[in-house]
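Novice: Dumping the structure here so I can ask a few things about it.
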Amino acid sequence: MHIHNFSKQNTILNTFVSEMRDVSIQKDSMRFRRNIERIGEILGYELSKKLSYKPTTIKTPLGVCEIEKIDNDIVLCSILRAGVPLHDGLLNYFDKAENAFISAYRHHKEKPESFEIIVEYLACPSLENKTLILADPMLATGQSMVATFEALKPFGTPKNIHLVSVIAAQEGIDFIENHFDKDTHLWVATVDEKLNEKGYIVPGLGDAGDLAFGEKLQQ
Ligand SMILES: O=P(O)(O)OC[C@H]1O[C@H](OP(=O)(O)OP(=O)(O)O)[C@H](O)[C@@H]1O
Ligand SMILES: O=c1cc[nH]c(=O)[nH]1
Ligand SMILES: [Mg+2]
């Protein structure tokens with residue numbers, strides 16, 4: 001897997017991530033969602049450098065010019081709920097992309113540290129020979145990403161796959177590397193060192209879905 005971790009470069013991306021982490025700022029849910037969206041825009045721009053391009057002739061009022069334009073059929077798939085603002089950011093740039101949505105949530109069994117991933121809702125176009133961008137801001141254990149990928153398999157085989165996250169745990173990256181093809185790209189704003197006993201990323205930011213959309217009752 002090709003891992004693109006942008007945290008070592010000094011850019012405004014780190015400011016957006018820091019606002020999402022900061023307990024004195026992150027409770028402003030509009031800013032939290034907007035920061036995920038802005039990160040989606042930046043990572044979308046970065047991943048566009050790995051797409052295929054073809055020369056296109058553009059007619060202006062004064063003449064013609066040759067411009068290299070994206071040649072990929074993109075399907076943008078995000079994992080509900082926290083994936084929604086990241087989806088919006090990516091769709092701001094890949095405005096012609098087809099879209100897929102999948103629900104994946106942690107169902108806690110008797111103990112808080114034991115959970116399974118429940119996939120229920122799935123709406124997806126054909127993925128055959130397309131470029132799949134799979135977006136979820138948090139890559140913790142990696143189980144949601146892998147469960148999503150498995151659920152998408154009946155929809156066809158994508159030509160290339162790009163995974164987009166805001167914060168990943170190294171453990172989650174190690175897990176998904178065993179399930180995705182080695183040509184897969186992971187675009188991530190930052191990588192954190194560990195997970196706690198409940199599978200939350202440390203230092204991380206807490207529960208991204210709750211911060212973006214409010215707390216939910218446990219199922
Ligand atoms: O890598 P994993 O260990 O699978 O964890 C990551 C998942 O956890 C979060 O979703 P969550 O289950 O909190 O759902 P929500 O977005 O509805 O809050 C996040 O958006 C990922 O989907
Ligand atoms: O740290 C984590 C792990 C999973 N989901 C989140 O929202 N945060
Ligand atoms: Mg959540």
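Following the order of the structure tokens, first chain is A, next is B, and so on, with residues numbered from 1 inside each chain and ligands from 1 in the order they appear.
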Wanna dump the chain A-ligand 1 contacts at 9 Å for me, each residue with its shortest atom pair and the distance in Å to one decimal, counting only C-alpha atoms and all ligand atoms, ordered by chain and number, as JSON lines?
Specialist:
```
{"residue": "A:Ser78", "atom": "CA", "partner": "ligand 1", "partner_atom_place_in_ligand_line": "22 (O)", "distance": 8.9}
{"residue": "A:Ile79", "atom": "CA", "partner": "ligand 1", "partner_atom_place_in_ligand_line": "22 (O)", "distance": 5.8}
{"residue": "A:Leu80", "atom": "CA", "partner": "ligand 1", "partner_atom_place_in_ligand_line": "16 (O)", "distance": 5.3}
{"residue": "A:Arg81", "atom": "CA", "partner": "ligand 1", "partner_atom_place_in_ligand_line": "16 (O)", "distance": 3.8}
{"residue": "A:Ala82", "atom": "CA", "partner": "ligand 1", "partner_atom_place_in_ligand_line": "16 (O)", "distance": 3.9}
{"residue": "A:Gly83", "atom": "CA", "partner": "ligand 1", "partner_atom_place_in_ligand_line": "20 (O)", "distance": 6.1}
{"residue": "A:Val84", "atom": "CA", "partner": "ligand 1", "partner_atom_place_in_ligand_line": "16 (O)", "distance": 8.7}
{"residue": "A:Ser103", "atom": "CA", "partner": "ligand 1", "partner_atom_place_in_ligand_line": "17 (O)", "distance": 7.7}
{"residue": "A:Ala104", "atom": "CA", "partner": "ligand 1", "partner_atom_place_in_ligand_line": "22 (O)", "distance": 6.1}
{"residue": "A:Tyr105", "atom": "CA", "partner": "ligand 1", "partner_atom_place_in_ligand_line": "12 (O)", "distance": 3.8}
{"residue": "A:Arg106", "atom": "CA", "partner": "ligand 1", "partner_atom_place_in_ligand_line": "12 (O)", "distance": 4.5}
{"residue": "A:His107", "atom": "CA", "partner": "ligand 1", "partner_atom_place_in_ligand_line": "12 (O)", "distance": 8.0}
{"residue": "A:Glu116", "atom": "CA", "partner": "ligand 1", "partner_atom_place_in_ligand_line": "4 (O)", "distance": 8.8}
{"residue": "A:Ile117", "atom": "CA", "partner": "ligand 1", "partner_atom_place_in_ligand_line": "4 (O)", "distance": 6.9}
{"residue": "A:Ile118", "atom": "CA", "partner": "ligand 1", "partner_atom_place_in_ligand_line": "12 (O)", "distance": 9.0}
{"residue": "A:Asp136", "atom": "CA", "partner": "ligand 1", "partner_atom_place_in_ligand_line": "20 (O)", "distance": 5.4}
{"residue": "A:Pro137", "atom": "CA", "partner": "ligand 1", "partner_atom_place_in_ligand_line": "20 (O)", "distance": 5.7}
{"residue": "A:Met138", "atom": "CA", "partner": "ligand 1", "partner_atom_place_in_ligand_line": "19 (C)", "distance": 4.6}
{"residue": "A:Leu139", "atom": "CA", "partner": "ligand 1", "partner_atom_place_in_ligand_line": "1 (O)", "distance": 4.1}
{"residue": "A:Ala140", "atom": "CA", "partner": "ligand 1", "partner_atom_place_in_ligand_line": "1 (O)", "distance": 3.5}
{"residue": "A:Thr141", "atom": "CA", "partner": "ligand 1", "partner_atom_place_in_ligand_line": "3 (O)", "distance": 3.6}
{"residue": "A:Gly142", "atom": "CA", "partner": "ligand 1", "partner_atom_place_in_ligand_line": "1 (O)", "distance": 3.5}
{"residue": "A:Gln143", "atom": "CA", "partner": "ligand 1", "partner_atom_place_in_ligand_line": "4 (O)", "distance": 4.0}
{"residue": "A:Ser144", "atom": "CA", "partner": "ligand 1", "partner_atom_place_in_ligand_line": "4 (O)", "distance": 3.6}
{"residue": "A:Met145", "atom": "CA", "partner": "ligand 1", "partner_atom_place_in_ligand_line": "4 (O)", "distance": 6.3}
{"residue": "A:Val146", "atom": "CA", "partner": "ligand 1", "partner_atom_place_in_ligand_line": "4 (O)", "distance": 8.0}
{"residue": "A:Ala147", "atom": "CA", "partner": "ligand 1", "partner_atom_place_in_ligand_line": "4 (O)", "distance": 8.2}
{"residue": "A:Ala168", "atom": "CA", "partner": "ligand 1", "partner_atom_place_in_ligand_line": "1 (O)", "distance": 8.1}
{"residue": "A:Ala169", "atom": "CA", "partner": "ligand 1", "partner_atom_place_in_ligand_line": "1 (O)", "distance": 8.3}
{"residue": "A:Gly172", "atom": "CA", "partner": "ligand 1", "partner_atom_place_in_ligand_line": "1 (O)", "distance": 6.2}
{"residue": "A:Gly199", "atom": "CA", "partner": "ligand 1", "partner_atom_place_in_ligand_line": "3 (O)", "distance": 6.0}
{"residue": "A:Tyr200", "atom": "CA", "partner": "ligand 1", "partner_atom_place_in_ligand_line": "3 (O)", "distance": 7.3}
{"residue": "A:Ile201", "atom": "CA", "partner": "ligand 1", "partner_atom_place_in_ligand_line": "3 (O)", "distance": 8.6}
{"residue": "A:Asp207", "atom": "CA", "partner": "ligand 1", "partner_atom_place_in_ligand_line": "13 (O)", "distance": 5.8}
{"residue": "A:Ala208", "atom": "CA", "partner": "ligand 1", "partner_atom_place_in_ligand_line": "18 (O)", "distance": 6.1}
{"residue": "A:Gly209", "atom": "CA", "partner": "ligand 1", "partner_atom_place_in_ligand_line": "18 (O)", "distance": 3.3}
{"residue": "A:Asp210", "atom": "CA", "partner": "ligand 1", "partner_atom_place_in_ligand_line": "18 (O)", "distance": 5.5}
{"residue": "A:Leu211", "atom": "CA", "partner": "ligand 1", "partner_atom_place_in_ligand_line": "18 (O)", "distance": 8.4}
{"residue": "A:Ala212", "atom": "CA", "partner": "ligand 1", "partner_atom_place_in_ligand_line": "18 (O)", "distance": 8.4}
{"residue": "A:Phe213", "atom": "CA", "partner": "ligand 1", "partner_atom_place_in_ligand_line": "18 (O)", "distance": 8.2}
{"residue": "A:Gly214", "atom": "CA", "partner": "ligand 1", "partner_atom_place_in_ligand_line": "18 (O)", "distance": 8.7}
{"residue": "A:Glu215", "atom": "CA", "partner": "ligand 1", "partner_atom_place_in_ligand_line": "18 (O)", "distance": 8.1}
{"residue": "A:Lys216", "atom": "CA", "partner": "ligand 1", "partner_atom_place_in_ligand_line": "18 (O)", "distance": 7.9}
```
Novice: Within segment 150-184 of chain A, find each residue whose DSSP state, derived from the backbone, is alpha helix (DSSP H), and express the selection as a PyMOL selection string.
Specialist: chain A and resi 150-152+170-177
Novice: So which one's closest to Tyr53 of chain A, A:Asn72, A:Thr148, A:Asn10, A:Asn35? Using only C-alpha atoms, please.
Specialist: A:Asn72
Novice: Which one of A:His2, A:Arg38, A:His108, A:Lys96 sits closest to Leu76 of chain A if you count only C-alpha atoms?
Specialist: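 The answer is A:Lys96, which sits nearest to Leu76 of chain A.
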Novice: Which one of A:Lys111, A:Ser126, A:Lys69, A:Met20 sits closest to ligand 2 if you count only C-alpha atoms and all ligand atoms?
Specialist: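 Checking each candidate against ligand 2, we get A:Met20 as the closest.
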Novice: Could you name the residues that touch Phe149 of chain A at 10 Å or less, counting only C-alpha atoms, but leaving out those on the same chain fewer than 6 positions away, as a PyMOL selection string?
Specialist: chain A and resi 134+143+179-180
Novice: Write out the residues from the selection above, keeping C-alpha atoms, as a tab-separated table (two decimals), in the first residue's frame.
Specialist:
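The file below, again05.tsv, is the result:
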```tsv
chain	number	residue	atom	x	y	z
A	134	LEU	CA	-13.31	5.20	0.00
A	143	GLN	CA	-12.41	-3.07	10.66
A	179	HIS	CA	-6.80	-6.78	2.98
A	180	PHE	CA	-6.21	-4.30	0.16
```
Novice: Just how far from atom CA of Arg21 of chain A is atom CA of Leu205 of chain A, in Å to one decimal?
Specialist: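 Interatomic distance, atom CA of Leu205 of chain A to atom CA of Arg21 of chain A: 4.5 Å.
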Novice: Quick one: residues within 9 Å of Val166 of chain A, only C-alpha atoms counted, chain neighbours fewer than 4 positions away excluded, as a list in words?
Specialist: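 Within the cut-off, the hits are Val17, Ile36, Ile39, Gly40, Leu43, Leu86, Asp136, Pro137, Met138, Leu139, Trp187, Val188, Ala189, Thr190 and Val191 of chain A.
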Novice: Would you mind exporting N, CA and C atoms of the selected residues as a compact mmCIF listing (two decimals), in the first residue's frame?
Specialist:
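So the final result, stored in out_37.txt, reads:
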```txt
# COMPACT_ATOMS: atom_id res chain seq x y z
N VAL A 17 -6.53 19.92 11.38
CA VAL A 17 -6.51 18.72 12.23
C VAL A 17 -6.44 19.13 13.70
N ILE A 36 -13.43 18.81 8.58
CA ILE A 36 -13.34 17.52 7.85
C ILE A 36 -13.51 17.78 6.36
N ILE A 39 -10.42 19.24 4.86
CA ILE A 39 -9.38 18.22 4.73
C ILE A 39 -9.70 17.31 3.53
N GLY A 40 -10.99 17.01 3.33
CA GLY A 40 -11.39 16.24 2.14
C GLY A 40 -10.98 16.94 0.86
N LEU A 43 -7.02 16.64 0.59
CA LEU A 43 -6.57 15.27 0.26
C LEU A 43 -7.06 14.89 -1.14
N LEU A 86 -16.56 14.43 4.98
CA LEU A 86 -15.39 14.13 4.15
C LEU A 86 -15.84 13.90 2.71
N ASP A 136 -13.40 7.77 5.03
CA ASP A 136 -13.86 7.70 6.43
C ASP A 136 -12.84 8.47 7.26
N PRO A 137 -13.25 9.49 8.02
CA PRO A 137 -12.23 10.30 8.72
C PRO A 137 -11.39 9.55 9.74
N MET A 138 -11.97 8.48 10.35
CA MET A 138 -11.21 7.77 11.39
C MET A 138 -10.90 6.35 10.93
N LEU A 139 -9.62 6.01 10.94
CA LEU A 139 -9.20 4.64 10.63
C LEU A 139 -8.57 4.12 11.92
N TRP A 187 -4.50 8.04 1.72
CA TRP A 187 -4.23 9.48 1.89
C TRP A 187 -4.72 9.86 3.27
N VAL A 188 -3.80 10.27 4.13
CA VAL A 188 -4.18 10.50 5.52
C VAL A 188 -3.50 11.78 6.04
N ALA A 189 -4.28 12.59 6.78
CA ALA A 189 -3.71 13.85 7.27
C ALA A 189 -2.65 13.57 8.34
N THR A 190 -2.91 12.56 9.20
CA THR A 190 -1.93 12.26 10.24
C THR A 190 -2.11 10.82 10.75
N VAL A 191 -1.03 10.28 11.30
CA VAL A 191 -1.07 8.91 11.83
C VAL A 191 -0.73 8.96 13.32
```
